[in-house]
>>> print(open('run21.pdb').read())   # PDB, C-alpha atoms, pLDDT in the B column
ATOM      1  CA  MET A   1     -19.569-102.337  13.974  1.00 44.00           C
ATOM      2  CA  ARG A   2     -21.580 -99.308  12.925  1.00 47.00           C
ATOM      3  CA  SER A   3     -21.510 -95.566  13.219  1.00 49.00           C
ATOM      4  CA  GLY A   4     -24.251 -93.792  15.106  1.00 57.00           C
ATOM      5  CA  ARG A   5     -24.854 -92.412  18.560  1.00 72.00           C
ATOM      6  CA  PRO A   6     -21.534 -92.650  20.467  1.00 71.00           C
ATOM      7  CA  GLU A   7     -21.272 -95.029  23.405  1.00 77.00           C
ATOM      8  CA  PRO A   8     -21.546 -92.773  26.503  1.00 80.00           C
ATOM      9  CA  ARG A   9     -19.223 -94.662  28.857  1.00 82.00           C
ATOM     10  CA  ARG A  10     -16.375 -94.638  26.364  1.00 84.00           C
ATOM     11  CA  LEU A  11     -16.940 -90.915  25.831  1.00 87.00           C
ATOM     12  CA  VAL A  12     -16.656 -90.364  29.586  1.00 89.00           C
ATOM     13  CA  ALA A  13     -13.443 -92.421  29.622  1.00 88.00           C
ATOM     14  CA  ALA A  14     -12.060 -90.332  26.757  1.00 90.00           C
ATOM     15  CA  GLY A  15     -12.906 -87.098  28.575  1.00 91.00           C
ATOM     16  CA  LEU A  16     -11.242 -88.274  31.783  1.00 93.00           C
ATOM     17  CA  ALA A  17      -8.139 -89.381  29.888  1.00 93.00           C
ATOM     18  CA  ALA A  18      -7.931 -85.982  28.173  1.00 94.00           C
ATOM     19  CA  LEU A  19      -8.274 -84.221  31.527  1.00 95.00           C
ATOM     20  CA  ALA A  20      -5.525 -86.419  33.009  1.00 95.00           C
ATOM     21  CA  LEU A  21      -3.338 -85.487  30.030  1.00 95.00           C
ATOM     22  CA  VAL A  22      -3.787 -81.760  30.702  1.00 95.00           C
ATOM     23  CA  LEU A  23      -3.104 -82.201  34.433  1.00 95.00           C
ATOM     24  CA  THR A  24       0.057 -84.205  33.707  1.00 95.00           C
ATOM     25  CA  LEU A  25       1.406 -81.458  31.455  1.00 94.00           C
ATOM     26  CA  MET A  26       0.580 -78.881  34.117  1.00 93.00           C
ATOM     27  CA  GLY A  27       2.515 -80.927  36.648  1.00 91.00           C
ATOM     28  CA  CYS A  28       5.597 -80.715  34.426  1.00 90.00           C
ATOM     29  CA  LEU A  29       5.488 -76.916  34.478  1.00 90.00           C
ATOM     30  CA  PHE A  30       5.143 -76.265  38.220  1.00 90.00           C
ATOM     31  CA  PRO A  31       7.300 -77.287  41.202  1.00 89.00           C
ATOM     32  CA  PHE A  32       6.434 -80.517  42.968  1.00 88.00           C
ATOM     33  CA  PHE A  33       7.219 -79.579  46.556  1.00 85.00           C
ATOM     34  CA  SER A  34       9.597 -77.489  48.625  1.00 84.00           C
ATOM     35  CA  THR A  35      11.573 -78.752  51.613  1.00 81.00           C
ATOM     36  CA  GLU A  36      12.857 -76.518  54.382  1.00 80.00           C
ATOM     37  CA  HIS A  37      15.911 -77.761  56.269  1.00 73.00           C
ATOM     38  CA  ARG A  38      16.632 -75.934  59.533  1.00 74.00           C
ATOM     39  CA  LEU A  39      20.221 -76.511  60.612  1.00 71.00           C
ATOM     40  CA  SER A  40      21.357 -75.584  64.122  1.00 66.00           C
ATOM     41  CA  PHE A  41      25.158 -75.696  64.209  1.00 61.00           C
ATOM     42  CA  ASP A  42      25.211 -73.107  66.943  1.00 61.00           C
ATOM     43  CA  PRO A  43      22.517 -72.432  69.554  1.00 57.00           C
ATOM     44  CA  SER A  44      22.630 -68.746  68.638  1.00 61.00           C
ATOM     45  CA  ALA A  45      22.557 -69.257  64.873  1.00 65.00           C
ATOM     46  CA  GLU A  46      20.102 -71.166  62.711  1.00 68.00           C
ATOM     47  CA  VAL A  47      20.503 -71.762  58.999  1.00 72.00           C
ATOM     48  CA  VAL A  48      17.455 -72.362  56.818  1.00 76.00           C
ATOM     49  CA  ILE A  49      18.001 -74.034  53.442  1.00 79.00           C
ATOM     50  CA  GLU A  50      15.041 -74.422  51.098  1.00 81.00           C
ATOM     51  CA  VAL A  51      15.106 -77.075  48.385  1.00 81.00           C
ATOM     52  CA  VAL A  52      12.513 -76.801  45.593  1.00 84.00           C
ATOM     53  CA  HIS A  53      11.929 -79.965  43.572  1.00 83.00           C
ATOM     54  CA  GLY A  54      10.642 -79.781  40.023  1.00 84.00           C
ATOM     55  CA  ALA A  55      10.182 -82.059  37.044  1.00 85.00           C
ATOM     56  CA  TRP A  56      13.441 -80.996  35.414  1.00 85.00           C
ATOM     57  CA  ASP A  57      15.727 -79.531  38.060  1.00 82.00           C
ATOM     58  CA  LEU A  58      16.430 -78.959  41.732  1.00 81.00           C
ATOM     59  CA  LYS A  59      16.717 -75.429  43.140  1.00 82.00           C
ATOM     60  CA  ILE A  60      18.588 -74.737  46.387  1.00 80.00           C
ATOM     61  CA  ILE A  61      17.868 -71.426  48.115  1.00 77.00           C
ATOM     62  CA  GLN A  62      20.165 -70.275  50.938  1.00 75.00           C
ATOM     63  CA  PRO A  63      20.090 -67.004  52.860  1.00 72.00           C
ATOM     64  CA  ASP A  64      22.519 -64.363  51.604  1.00 72.00           C
ATOM     65  CA  HIS A  65      23.308 -66.494  48.560  1.00 71.00           C
ATOM     66  CA  PRO A  66      21.907 -66.552  45.030  1.00 75.00           C
ATOM     67  CA  PRO A  67      19.692 -69.562  44.229  1.00 71.00           C
ATOM     68  CA  GLN A  68      21.529 -72.542  42.810  1.00 72.00           C
ATOM     69  CA  THR A  69      19.895 -74.763  40.214  1.00 71.00           C
ATOM     70  CA  THR A  70      21.142 -78.277  39.663  1.00 73.00           C
ATOM     71  CA  SER A  71      19.833 -80.815  37.203  1.00 70.00           C
ATOM     72  CA  THR A  72      18.900 -84.103  38.799  1.00 65.00           C
ATOM     73  CA  SER A  73      17.512 -87.280  37.280  1.00 62.00           C
ATOM     74  CA  PRO A  74      14.584 -85.640  35.485  1.00 76.00           C
ATOM     75  CA  VAL A  75      11.104 -86.936  36.155  1.00 85.00           C
ATOM     76  CA  GLY A  76       9.771 -84.827  33.302  1.00 87.00           C
ATOM     77  CA  ILE A  77      10.688 -87.351  30.604  1.00 90.00           C
ATOM     78  CA  PRO A  78       8.631 -90.211  32.140  1.00 92.00           C
ATOM     79  CA  LEU A  79       5.789 -87.737  32.667  1.00 93.00           C
ATOM     80  CA  LEU A  80       5.865 -86.854  28.967  1.00 93.00           C
ATOM     81  CA  ILE A  81       5.757 -90.575  28.129  1.00 94.00           C
ATOM     82  CA  ALA A  82       2.718 -90.944  30.400  1.00 94.00           C
ATOM     83  CA  ALA A  83       1.118 -87.962  28.655  1.00 94.00           C
ATOM     84  CA  ALA A  84       1.712 -89.674  25.297  1.00 95.00           C
ATOM     85  CA  PHE A  85      -0.018 -92.827  26.587  1.00 94.00           C
ATOM     86  CA  LEU A  86      -2.959 -90.723  27.750  1.00 94.00           C
ATOM     87  CA  LEU A  87      -3.203 -89.026  24.352  1.00 95.00           C
ATOM     88  CA  VAL A  88      -3.286 -92.355  22.515  1.00 94.00           C
ATOM     89  CA  ALA A  89      -5.841 -93.687  25.022  1.00 92.00           C
ATOM     90  CA  THR A  90      -8.053 -90.646  24.438  1.00 93.00           C
ATOM     91  CA  VAL A  91      -7.997 -91.112  20.660  1.00 92.00           C
ATOM     92  CA  ALA A  92      -8.676 -94.855  20.960  1.00 90.00           C
ATOM     93  CA  SER A  93     -11.605 -94.276  23.344  1.00 88.00           C
ATOM     94  CA  VAL A  94     -13.202 -91.680  21.052  1.00 87.00           C
ATOM     95  CA  ARG A  95     -12.827 -93.976  18.037  1.00 86.00           C
ATOM     96  CA  ALA A  96     -14.298 -96.949  19.928  1.00 83.00           C
ATOM     97  CA  ALA A  97     -17.187 -94.788  21.165  1.00 80.00           C
ATOM     98  CA  ARG A  98     -18.075 -93.716  17.634  1.00 80.00           C
ATOM     99  CA  LEU A  99     -17.848 -97.212  16.144  1.00 76.00           C
ATOM    100  CA  ARG A 100     -19.773 -98.835  19.035  1.00 68.00           C
ATOM    101  CA  GLY A 101     -18.131-102.166  18.345  1.00 63.00           C
ATOM    102  CA  PRO A 102     -16.443-104.740  20.608  1.00 60.00           C
ATOM    103  CA  SER A 103     -12.965-103.385  21.355  1.00 69.00           C
ATOM    104  CA  THR A 104     -10.316-103.981  24.023  1.00 79.00           C
ATOM    105  CA  LEU A 105      -7.640-101.607  22.722  1.00 83.00           C
ATOM    106  CA  ASP A 106      -9.030 -98.568  24.529  1.00 84.00           C
ATOM    107  CA  ARG A 107      -9.271-100.542  27.782  1.00 87.00           C
ATOM    108  CA  TRP A 108      -5.653-101.671  27.603  1.00 90.00           C
ATOM    109  CA  LEU A 109      -4.373 -98.205  26.705  1.00 91.00           C
ATOM    110  CA  THR A 110      -6.224 -96.401  29.496  1.00 92.00           C
ATOM    111  CA  THR A 111      -5.111 -99.009  32.031  1.00 92.00           C
ATOM    112  CA  ILE A 112      -1.466 -98.851  30.919  1.00 93.00           C
ATOM    113  CA  ALA A 113      -1.518 -95.045  31.001  1.00 93.00           C
ATOM    114  CA  ALA A 114      -3.022 -94.948  34.509  1.00 94.00           C
ATOM    115  CA  VAL A 115      -0.580 -97.520  35.932  1.00 94.00           C
ATOM    116  CA  PHE A 116       2.439 -95.898  34.284  1.00 95.00           C
ATOM    117  CA  LEU A 117       1.470 -92.420  35.499  1.00 94.00           C
ATOM    118  CA  ALA A 118       0.923 -93.678  39.047  1.00 95.00           C
ATOM    119  CA  GLY A 119       4.365 -95.297  39.018  1.00 94.00           C
ATOM    120  CA  VAL A 120       6.037 -92.078  37.846  1.00 93.00           C
ATOM    121  CA  VAL A 121       4.296 -90.016  40.536  1.00 93.00           C
ATOM    122  CA  VAL A 122       5.310 -92.468  43.275  1.00 92.00           C
ATOM    123  CA  THR A 123       8.896 -92.312  41.986  1.00 88.00           C
ATOM    124  CA  ALA A 124       8.838 -88.505  42.043  1.00 87.00           C
ATOM    125  CA  VAL A 125       7.595 -88.471  45.627  1.00 86.00           C
ATOM    126  CA  THR A 126      10.262 -90.998  46.688  1.00 84.00           C
ATOM    127  CA  LEU A 127      13.077 -89.023  45.041  1.00 78.00           C
ATOM    128  CA  GLY A 128      11.846 -85.757  46.455  1.00 71.00           C
ATOM    129  CA  LEU A 129      11.587 -86.822  50.077  1.00 72.00           C
ATOM    130  CA  GLY A 130      15.259 -87.679  50.371  1.00 62.00           C
ATOM    131  CA  ARG A 131      17.062 -87.632  53.698  1.00 59.00           C
ATOM    132  CA  PRO A 132      17.724 -84.903  56.269  1.00 56.00           C
ATOM    133  CA  MET A 133      20.992 -82.968  55.896  1.00 56.00           C
ATOM    134  CA  GLY A 134      22.232 -84.038  59.321  1.00 56.00           C
ATOM    135  CA  GLU A 135      21.282 -84.900  62.841  1.00 59.00           C
ATOM    136  CA  GLY A 136      19.109 -82.395  64.618  1.00 59.00           C
ATOM    137  CA  THR A 137      17.766 -81.023  61.328  1.00 68.00           C
ATOM    138  CA  GLU A 138      14.123 -80.023  61.227  1.00 73.00           C
ATOM    139  CA  VAL A 139      12.513 -80.742  57.871  1.00 73.00           C
ATOM    140  CA  THR A 140       9.278 -79.136  56.680  1.00 77.00           C
ATOM    141  CA  LEU A 141       7.710 -80.459  53.491  1.00 78.00           C
ATOM    142  CA  THR A 142       5.223 -78.393  51.505  1.00 82.00           C
ATOM    143  CA  LEU A 143       3.347 -79.708  48.483  1.00 84.00           C
ATOM    144  CA  GLU A 144       3.359 -77.357  45.525  1.00 88.00           C
ATOM    145  CA  ALA A 145       0.995 -76.951  42.572  1.00 90.00           C
ATOM    146  CA  GLY A 146       2.815 -79.445  40.358  1.00 91.00           C
ATOM    147  CA  MET A 147       2.396 -82.346  42.769  1.00 91.00           C
ATOM    148  CA  TRP A 148      -1.267 -81.536  43.408  1.00 93.00           C
ATOM    149  CA  ALA A 149      -1.815 -81.536  39.631  1.00 94.00           C
ATOM    150  CA  LEU A 150      -0.121 -84.933  39.349  1.00 94.00           C
ATOM    151  CA  PHE A 151      -2.215 -86.384  42.177  1.00 95.00           C
ATOM    152  CA  ALA A 152      -5.354 -85.183  40.390  1.00 95.00           C
ATOM    153  CA  ALA A 153      -4.039 -86.642  37.116  1.00 95.00           C
ATOM    154  CA  VAL A 154      -3.549 -90.070  38.717  1.00 95.00           C
ATOM    155  CA  VAL A 155      -7.086 -90.081  40.131  1.00 96.00           C
ATOM    156  CA  THR A 156      -8.551 -88.933  36.803  1.00 95.00           C
ATOM    157  CA  ALA A 157      -6.592 -91.514  34.796  1.00 94.00           C
ATOM    158  CA  ALA A 158      -7.762 -94.255  37.178  1.00 94.00           C
ATOM    159  CA  GLY A 159     -11.342 -93.093  36.646  1.00 93.00           C
ATOM    160  CA  ALA A 160     -10.848 -93.297  32.878  1.00 91.00           C
ATOM    161  CA  ALA A 161      -9.559 -96.867  33.200  1.00 90.00           C
ATOM    162  CA  VAL A 162     -12.523 -97.872  35.369  1.00 90.00           C
ATOM    163  CA  MET A 163     -15.049 -96.353  32.956  1.00 88.00           C
ATOM    164  CA  SER A 164     -13.455 -98.074  29.967  1.00 84.00           C
ATOM    165  CA  HIS A 165     -13.720-101.449  31.712  1.00 81.00           C
ATOM    166  CA  ARG A 166     -17.385-100.864  32.588  1.00 77.00           C
ATOM    167  CA  VAL A 167     -18.334-100.919  28.890  1.00 68.00           C
ATOM    168  CA  GLN A 168     -20.070-104.204  28.068  1.00 57.00           C
ATOM    169  CA  ASP A 169     -19.724-105.539  24.557  1.00 51.00           C
ATOM    170  CA  ASP A 170     -23.191-107.097  24.804  1.00 46.00           C
ATOM    171  CA  GLU A 171     -24.694-103.608  24.946  1.00 48.00           C
ATOM    172  CA  VAL A 172     -23.352-102.837  21.489  1.00 47.00           C
ATOM    173  CA  SER A 173     -25.678-103.599  18.595  1.00 45.00           C
ATOM    174  CA  MET A 174     -25.301-106.985  16.955  1.00 43.00           C
ATOM    175  CA  ASN A 175     -24.805-107.362  13.192  1.00 40.00           C
ATOM    176  CA  GLY A 176     -25.552-103.673  12.718  1.00 44.00           C
ATOM    177  CA  ASP A 177     -29.260-104.028  13.456  1.00 46.00           C
ATOM    178  CA  PRO A 178     -30.502-100.643  14.745  1.00 46.00           C
ATOM    179  CA  SER A 179     -33.451-102.266  16.511  1.00 47.00           C
ATOM    180  CA  LEU A 180     -31.056-104.091  18.854  1.00 47.00           C
ATOM    181  CA  ALA A 181     -28.873-101.067  19.684  1.00 47.00           C
ATOM    182  CA  ASP A 182     -30.825 -99.857  22.719  1.00 49.00           C
ATOM    183  CA  VAL A 183     -31.966-103.194  24.127  1.00 50.00           C
ATOM    184  CA  PRO A 184     -30.490-103.568  27.649  1.00 55.00           C
ATOM    185  CA  THR A 185     -28.693-106.780  28.455  1.00 55.00           C
ATOM    186  CA  PRO A 186     -29.314-108.384  31.862  1.00 57.00           C
ATOM    187  CA  LYS A 187     -26.433-109.839  33.836  1.00 53.00           C
ATOM    188  CA  ASP A 188     -27.633-113.444  33.518  1.00 56.00           C
ATOM    189  CA  GLY A 189     -28.196-113.679  29.783  1.00 54.00           C
ATOM    190  CA  ILE A 190     -29.336-112.077  26.564  1.00 56.00           C
ATOM    191  CA  SER A 191     -32.344-109.818  26.624  1.00 54.00           C
ATOM    192  CA  ILE A 192     -35.282-111.149  24.594  1.00 60.00           C
ATOM    193  CA  THR A 193     -38.286-109.020  23.793  1.00 60.00           C
ATOM    194  CA  VAL A 194     -41.484-110.996  24.470  1.00 57.00           C
ATOM    195  CA  LEU A 195     -44.456-109.888  22.410  1.00 62.00           C
ATOM    196  CA  PRO A 196     -48.045-110.334  23.672  1.00 61.00           C
ATOM    197  CA  PRO A 197     -49.920-113.253  22.147  1.00 64.00           C
ATOM    198  CA  GLU A 198     -52.057-112.450  19.158  1.00 64.00           C
ATOM    199  CA  ALA A 199     -55.816-112.799  19.406  1.00 59.00           C
ATOM    200  CA  PRO A 200     -57.012-116.030  17.796  1.00 58.00           C
ATOM    201  CA  SER A 201     -58.718-115.373  14.492  1.00 59.00           C
ATOM    202  CA  SER A 202     -61.896-117.251  13.525  1.00 60.00           C
ATOM    203  CA  ALA A 203     -61.503-119.757  10.730  1.00 59.00           C
ATOM    204  CA  PRO A 204     -63.111-118.663   7.446  1.00 59.00           C
ATOM    205  CA  ASP A 205     -66.303-120.411   6.327  1.00 59.00           C
ATOM    206  CA  TYR A 206     -65.757-122.395   3.137  1.00 56.00           C
ATOM    207  CA  SER A 207     -69.142-124.211   3.243  1.00 60.00           C
ATOM    208  CA  ALA A 208     -70.294-122.531   0.031  1.00 60.00           C
ATOM    209  CA  PHE A 209     -67.422-124.169  -1.827  1.00 58.00           C
ATOM    210  CA  ALA A 210     -67.919-127.613  -0.308  1.00 57.00           C
ATOM    211  CA  PRO A 211     -68.756-130.469  -2.767  1.00 64.00           C
ATOM    212  CA  PRO A 212     -72.349-131.720  -2.765  1.00 62.00           C
ATOM    213  CA  PRO A 213     -73.096-134.740  -0.598  1.00 60.00           C
ATOM    214  CA  GLU A 214     -72.909-138.088  -2.254  1.00 61.00           C
ATOM    215  CA  SER A 215     -76.290-139.418  -3.425  1.00 56.00           C
ATOM    216  CA  GLY A 216     -77.635-142.553  -1.769  1.00 53.00           C
ATOM    217  CA  ALA A 217     -78.001-145.882  -3.495  1.00 51.00           C
ATOM    218  CA  LYS A 218     -80.563-145.932  -6.346  1.00 50.00           C
ATOM    219  CA  GLU A 219     -83.796-147.703  -5.655  1.00 50.00           C
ATOM    220  CA  ARG A 220     -84.196-151.023  -7.457  1.00 50.00           C
ATOM    221  CA  ASP A 221     -86.958-151.327  -9.987  1.00 47.00           C
TER
END
>>> encode(input="run21.pdb", output="structure tokens")
Amino acid sequence: MRSGRPEPRRLVAAGLAALALVLTLMGCLFPFFSTEHRLSFDPSAEVVIEVVHGAWDLKIIQPDHPPQTTSTSPVGIPLLIAAAFLLVATVASVRAARLRGPSTLDRWLTTIAAVFLAGVVVTAVTLGLGRPMGEGTEVTLTLEAGMWALFAAVVTAAGAAVMSHRVQDDEVSMNGDPSLADVPTPKDGISITVLPPEAPSSAPDYSAFAPPPESGAKERD
């Protein structure tokens, strides 16, 4: 592993995880959705009860009555746990991007954070839908800012997980050699740089240093 130019895909994954973290915290602060229940006990009278679901409580609004707030099974605590996973995933992705070394920790963390957050959001939607207050009740469901923020957080966290898994360890430099850092790796093997053949050089002439030819046989007297 070496320090140098950060790996771009891991940086994108870290940015998406950080954005999902911010959206998750925003979802904890705003209501998820409001449900209007129209009750018709009498043809001449209609009662409208509005139920506002949030991360920490449930607010019931009735006409001519002050709003009542009741604490239900809070979804805010699992959302904070998901935000903690996203924070750890962001830090791990930034560290892996700077080191540019083979790493699977950031991939696991971003995947766990995305799956956990999606499960919490599905649970919140299931708890919030509930059942009608009686037969003949008209129910109108309206999504609020908190739920839209959580939907965006789930999509962003999934994008972070996908980007972290698209990082290929073969693209990272091997043995810290800077010359191999930017060499692309094909899908079917390792990239090899082929150099053009060198021009053949003419052999040097060593005739001046050659030994003299052997003399012939001496003539007989």
>>> resolve_selection(input="run21.pdb", expression="the PyMOL selection byres ((chain A and resi 32) around 10)", output="number ranges by chain")
A: 27-31, 33-34, 52-55, 124-125, 128, 142-150
>>> atom_distance(input="run21.pdb", atom1="CA of Gly15 in chain A", atom2="CA of Trp56 in chain A")
27.9 Å
>>> resolve_selection(input="run21.pdb", expression="the PyMOL selection byres ((chain A and resi 108) around 12)", output="VMD selection string")
chain A and resid 85 to 86 88 to 90 92 to 93 103 to 107 109 to 116 160 to 162 164 to 165
>>> write_last_selection(input="run21.pdb", atoms="C-alpha atoms", output="tab-separated table (two decimals), in the frame of the given file")
chain	number	residue	atom	x	y	z
A	85	PHE	CA	-0.02	-92.83	26.59
A	86	LEU	CA	-2.96	-90.72	27.75
A	88	VAL	CA	-3.29	-92.36	22.52
A	89	ALA	CA	-5.84	-93.69	25.02
A	90	THR	CA	-8.05	-90.65	24.44
A	92	ALA	CA	-8.68	-94.86	20.96
A	93	SER	CA	-11.60	-94.28	23.34
A	103	SER	CA	-12.96	-103.38	21.36
A	104	THR	CA	-10.32	-103.98	24.02
A	105	LEU	CA	-7.64	-101.61	22.72
A	106	ASP	CA	-9.03	-98.57	24.53
A	107	ARG	CA	-9.27	-100.54	27.78
A	109	LEU	CA	-4.37	-98.20	26.70
A	110	THR	CA	-6.22	-96.40	29.50
A	111	THR	CA	-5.11	-99.01	32.03
A	112	ILE	CA	-1.47	-98.85	30.92
A	113	ALA	CA	-1.52	-95.04	31.00
A	114	ALA	CA	-3.02	-94.95	34.51
A	115	VAL	CA	-0.58	-97.52	35.93
A	116	PHE	CA	2.44	-95.90	34.28
A	160	ALA	CA	-10.85	-93.30	32.88
A	161	ALA	CA	-9.56	-96.87	33.20
A	162	VAL	CA	-12.52	-97.87	35.37
A	164	SER	CA	-13.46	-98.07	29.97
A	165	HIS	CA	-13.72	-101.45	31.71
>>> residues_around(input="run21.pdb", residues="Pro63 in chain A", least_positions_apart="5", cutoff="10 Å", atoms="only C-alpha atoms", output="PyMOL selection string")
chain A and resi 47-50
>>> resolve_selection(input="run21.pdb", expression="the PyMOL selection byres ((chain A and resi 22) around 10)", output="list in words")
Leu16, Ala17, Ala18, Leu19, Ala20, Leu21, Leu23, Thr24, Leu25, Met26, Gly27, Ala83, Leu86, Leu87, Ala149, Leu150 and Ala153 of chain A
>>> residues_near_point(input="run21.pdb", point="(13.3, -84.6, 50.6)", cutoff="10 Å", atoms="all atoms listed in the file", output="count of residues only")
20
>>> closest_residue(input="run21.pdb", among="A:Pro74, A:Ala118, A:Leu58, A:Thr123", to="Thr156 in chain A", atoms="all atoms listed in the file")
A:Ala118
>>> atom_distance(input="run21.pdb", atom1="CA of Val94 in chain A", atom2="CA of Pro8 in chain A")
10.0 Å
